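A short worksheet on the structure shown next.
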2 protein chains.
Amino acid sequence: MKVQRYKHDSLVSYTLGATLTFELVKCRPELVTRVLVSSLTDSSEGNRAILERCRQENIPVEQNDKAFNILSPKGNCFVIGEFRKEAQQLAEGSHIVLVNPSDAGNLGTIIRTAAGFDLHDIAIIRPAVDIYDPKAVRATMGAVFHIRAEYFDTIEEYCRRFPDNSRYAFMLTSSRPLTEIVPQKPYSLVFGNEATGLPEHYAGFCQSVVIRHSQAIDSLNLPIAAGIAMFEFTKSEWAAN
Amino acid sequence: MKVQRYKHDSLVSYTLGATLTFELVKCRPELVTRVLVSSLTDSSEGNRAILERCRQENIPVEQNDKAFNILSPKGNCFVIGEFRKEAQQLAEGSHIVLVNPSDAGNLGTIIRTAAGFDLHDIAIIRPAVDIYDPKAVRATMGAVFHIRAEYFDTIEEYCRRFPDNSRYAFMLTSSRPLTEIVPQKPYSLVFGNEATGLPEHYAGFCQSVVIRHSQAIDSLNLPIAAGIAMFEFTKSEWAAN
């Protein structure tokens with residue numbers, strides 16, 4: 001099977017590097033189609049752990065220098081996992097809802113944070129960047145293998161599927177600061193596009209919330225705003241541990 | 001004067017793009033040595049505002065297509081500001097302390113967040129990435145022109161200069177969760193390197209603090225952890241507005 005540069009309609013995607021590939025073979029071995037090594041792959045502890053796991057799970061390991069030129073032209077990666085993309089469905093419960101996210105790195109960072117705060121279900125409203133873009137996968141640091149993500153064509157479609165969630169829309173124009181919110185579970189934390197935020201009409205079917213900040217900046221960076229919101233909504237659960 | 005690719009020892013740095021360049025000429029006109037435009041620069045509102053400000057402040061404007069090839073080879077930038085780097089000194093008060101930050105984008109994002117929460121003084125402990133790297137400048141979205149940053153060779157040097165600040169060191173090994181902290185002003189919020197965090201001995205001269213998260217991730221992304229911490233430490237001030 002030939003290795004090809006990742007495209008949105010590829011059936012497989014890739015984990016570039018040992019840390020990510022180890023998370024893949026550890027958490028989701030059933031998705032892995034093969035692990036690629038190069039003639040430069042050394043026998044470091046991390047690499048040995050990956051290969052050991054491949055043996056246990058009967059995952060093919062293939063030496064393929066050409067694949068590294070195609071998938072990691074910068075040459076700083078020595079192990080690659082190839083895995084089947086899967087269509088996922090959100091579970092009932094609290095969700096993160098990302099409306100039109102446009103940056104793969106940001107999407108990955110938000111997923112990493114969500115997994116860190118036990119928010120395992122991510123709704124993504126199209127048009128949106130691809131969660132299986134290797135850049136997004138890398139930014140999750142492996143957390144993509146701990147969560148469920150589902151794409152929706154419209155926010156209305158999402159709302160019809162989960163009509164009973166309390167929806168909180170993060171908007172600069174809101175007058176209600178995050179510090180005054182008492183979370184009602186299950187909830188949906190709704191964030192807009194990096195450049196444009198959420199359209200005003202979201203205030204009509206969500207409770208709008210603002211993270212107050214100074215006039216020195218136009219807005220917080222999207223993953224930062226999402227991180228602060230996720231922390232605030234979940235912190236009572238962590239405090240109880 | 002020839003335009004050269006940015007290096008750490010360059011006397012000037014650059015703002016790539018209209019948004020950043022507007023922040024520069026608006027906030028710190030005294031630092032600007034010239035504004036570069038290309039033959040592709042259009043008369044959009046943003047560009048006109050920059051040129052108007054240059055006229056007001058007697059800032060030279062120079063058409064120089066070659067400069068864009070050198071500084072922005074991707075070709076998606078049509079205005080560049082050139083500005084003198086300045087040595088800055090921290091003011092007394094609360095500080096962000098970044099120990100060995102290694103990623104320019106992360107440093108920029110942290111500065112953007114700090115400016116957003118009115119934390120205007122950033123100590124950076126070497127070895128560390130360069131705050132004037134155009135990548136860092138870009139990630140601040142202009143907030144670099146609203147803050148003071150000072151480099152220190154060691155944390156001891158920083159502590160000697162500001163002995164009375166309450167120091168909070170964010171460490172995964174701490175047993176004290178962020179939710180239990182009652183901030184004592186002025187404070188120093190201390191964060192470690194992206195990959196390695198803070199060395200254990202920081203717990204000897206700082207109060208250690210942890211942002212609790214699940215086992216699904218090894219750690220939060222550094223700018224996310226710093227953003228959550230800054231929000232928590234400053235939120236009572238924003239609530240009062």
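Ordered as shown in the structure tokens, chains take letters A, B, and onward, while each chain numbers its residues from 1 and ligands are numbered from 1 in the order shown.
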*Near chain B, which residues of chain A fall within 6 Å when you count only C-alpha atoms, and what do they look like as a VMD selection string?*
chain A and resid 116 to 117 213 to 214 217 224 227 to 228
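Every protein, DNA or RNA residue with an atom at most 7 Å from stretch 200-208 of chain A, where only C-alpha atoms count and chain neighbours fewer than 6 positions away do not, is listed here: A:Arg167, A:Tyr168, A:Ala169, A:Phe170, A:Met171, A:Ser174, A:Arg176.
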_6 Å contact set for stretch 5-12 of chain A, only C-alpha atoms, chain neighbours under 4 positions out, as a list of chain:residue names_ = A:Leu71, A:Phe83, A:Arg84, A:Lys85
Please produce a file of those selected residues containing N, CA, C and O atoms, as a PDB file, in the first residue's frame.
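Contents of part16.pdb, freshly written:
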ATOM      1  N   LEU A  71       5.672  12.304   4.198  1.00  0.00           N
ATOM      2  CA  LEU A  71       4.819  12.734   5.318  1.00  0.00           C
ATOM      3  C   LEU A  71       5.510  13.703   6.258  1.00  0.00           C
ATOM      4  O   LEU A  71       4.864  14.476   6.955  1.00  0.00           O
ATOM      5  N   PHE A  83      -3.312   5.211  10.665  1.00  0.00           N
ATOM      6  CA  PHE A  83      -4.539   4.702  11.290  1.00  0.00           C
ATOM      7  C   PHE A  83      -5.772   5.073  10.482  1.00  0.00           C
ATOM      8  O   PHE A  83      -5.808   6.092   9.806  1.00  0.00           O
ATOM      9  N   ARG A  84      -6.764   4.211  10.567  1.00  0.00           N
ATOM     10  CA  ARG A  84      -8.049   4.439   9.912  1.00  0.00           C
ATOM     11  C   ARG A  84      -8.797   5.571  10.593  1.00  0.00           C
ATOM     12  O   ARG A  84      -8.930   5.592  11.817  1.00  0.00           O
ATOM     13  N   LYS A  85      -9.294   6.504   9.795  1.00  0.00           N
ATOM     14  CA  LYS A  85     -10.171   7.529  10.329  1.00  0.00           C
ATOM     15  C   LYS A  85     -11.527   6.895  10.621  1.00  0.00           C
ATOM     16  O   LYS A  85     -11.956   6.004   9.895  1.00  0.00           O
TER      17      LYS A  85
END
*Find the residues around stretch 93-105 of chain A up to 6 Å (only C-alpha atoms counted), leave out those fewer than 5 positions away in its own chain, and share them as a PyMOL selection string.*
chain A and resi 121-129+135-136+139+186-193
*Going by DSSP on the backbone, which bits of stretch 54-99 of chain B are alpha helix (DSSP H)? Write them as a PyMOL selection string, please.*
chain B and resi 54-57+65-71
Residues of the last selection are to be written out with C-alpha atoms, as an mmCIF file, in the first residue's frame.
data_model
loop_
_atom_site.group_PDB
_atom_site.id
_atom_site.type_symbol
_atom_site.label_atom_id
_atom_site.label_comp_id
_atom_site.auth_asym_id
_atom_site.auth_seq_id
_atom_site.Cartn_x
_atom_site.Cartn_y
_atom_site.Cartn_z
ATOM 1 C CA CYS B 54 2.956 57.484 9.461
ATOM 2 C CA ARG B 55 2.303 60.959 8.061
ATOM 3 C CA GLN B 56 1.274 62.244 11.493
ATOM 4 C CA GLU B 57 4.357 60.791 13.148
ATOM 5 C CA ASP B 65 9.338 44.561 -2.958
ATOM 6 C CA LYS B 66 12.631 42.868 -2.181
ATOM 7 C CA ALA B 67 12.039 43.298 1.554
ATOM 8 C CA PHE B 68 8.834 41.261 1.301
ATOM 9 C CA ASN B 69 10.680 38.395 -0.391
ATOM 10 C CA ILE B 70 13.211 38.380 2.425
ATOM 11 C CA LEU B 71 10.906 38.865 5.409
#
Write out as a PDB file with C-alpha atoms, in the first residue's frame which residues come within 10 Å of A:Asn76 when counting only C-alpha atoms, dropping same-chain ones fewer than 3 positions away.
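And here is the file that came out, part.pdb:
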ATOM      1  CA  LEU A  16       4.142  11.826  13.275  1.00  0.00           C
ATOM      2  CA  GLY A  17       6.681  11.036  15.972  1.00  0.00           C
ATOM      3  CA  PHE A  68       9.099   9.842   5.764  1.00  0.00           C
ATOM      4  CA  SER A  72       7.554  14.504   7.279  1.00  0.00           C
ATOM      5  CA  PRO A  73       9.782  16.373   4.823  1.00  0.00           C
ATOM      6  CA  VAL A  79       8.258   6.796  13.672  1.00  0.00           C
TER       7      VAL A  79
END
_For A:Asn47, the nearest of the candidates A:Gln4, A:Thr154, A:Thr21, A:Thr15, counting only C-alpha atoms_ = A:Thr21
*asked:* Using DSSP assignments from the backbone, pull out every residue in chain B that falls under strand (DSSP E) and give it to me as a VMD selection string.
replied: chain B and resid 12 to 16 32 to 37 61 to 63 79 to 84 95 to 99 121 to 125 148 to 152 166 to 170 187 to 191 207 to 209
Just to be explicit: take each residue in the selection above, keep C-alpha atoms, and write the result as a short mmCIF file (atom, residue, chain, number, x, y, z; two decimals), in the first residue's frame.
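In the end it all went to selection_26.cif:
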data_model
loop_
_atom_site.label_atom_id
_atom_site.label_comp_id
_atom_site.auth_asym_id
_atom_site.auth_seq_id
_atom_site.Cartn_x
_atom_site.Cartn_y
_atom_site.Cartn_z
CA VAL B 12 15.52 46.05 14.58
CA SER B 13 12.62 43.63 14.25
CA TYR B 14 9.50 43.55 12.08
CA THR B 15 5.73 43.49 12.27
CA LEU B 16 4.40 41.41 9.39
CA VAL B 32 9.39 52.79 14.25
CA THR B 33 12.27 53.26 11.83
CA ARG B 34 10.19 52.84 8.64
CA VAL B 35 7.11 51.20 7.20
CA LEU B 36 7.58 49.02 4.13
CA VAL B 37 4.94 48.64 1.44
CA VAL B 61 7.28 54.87 4.17
CA GLU B 62 9.28 52.95 1.61
CA GLN B 63 8.19 50.82 -1.34
CA VAL B 79 2.72 45.89 4.96
CA ILE B 80 5.72 45.54 7.26
CA GLY B 81 6.77 47.76 10.13
CA GLU B 82 10.44 47.98 11.07
CA PHE B 83 11.11 48.97 14.67
CA ARG B 84 14.01 49.38 17.05
CA HIS B 95 4.72 39.67 37.16
CA ILE B 96 4.59 36.68 34.86
CA VAL B 97 7.86 34.73 35.05
CA LEU B 98 8.63 32.37 32.16
CA VAL B 99 11.49 29.99 32.80
CA ASP B 121 5.41 42.81 33.25
CA ILE B 122 6.97 39.62 31.90
CA ALA B 123 10.23 38.24 33.26
CA ILE B 124 11.96 35.72 31.00
CA ILE B 125 14.69 33.48 32.37
CA ARG B 148 7.36 45.32 29.46
CA ALA B 149 9.61 42.28 29.14
CA GLU B 150 12.99 41.79 30.78
CA TYR B 151 15.43 38.90 30.42
CA PHE B 152 17.33 37.49 33.42
CA SER B 166 4.72 36.20 46.48
CA ARG B 167 5.98 33.54 44.11
CA TYR B 168 3.60 30.87 42.78
CA ALA B 169 5.28 28.10 40.79
CA PHE B 170 3.03 26.01 38.54
CA TYR B 187 2.68 38.15 42.95
CA SER B 188 4.90 36.37 40.48
CA LEU B 189 3.30 33.54 38.47
CA VAL B 190 6.14 31.22 37.50
CA PHE B 191 5.88 28.77 34.58
CA GLN B 207 4.50 28.19 46.72
CA SER B 208 3.86 25.36 44.32
CA VAL B 209 0.45 25.21 42.61
#
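One finds atom CA of A:Arg138 at 19.1 Å from atom CA of A:Ala87.
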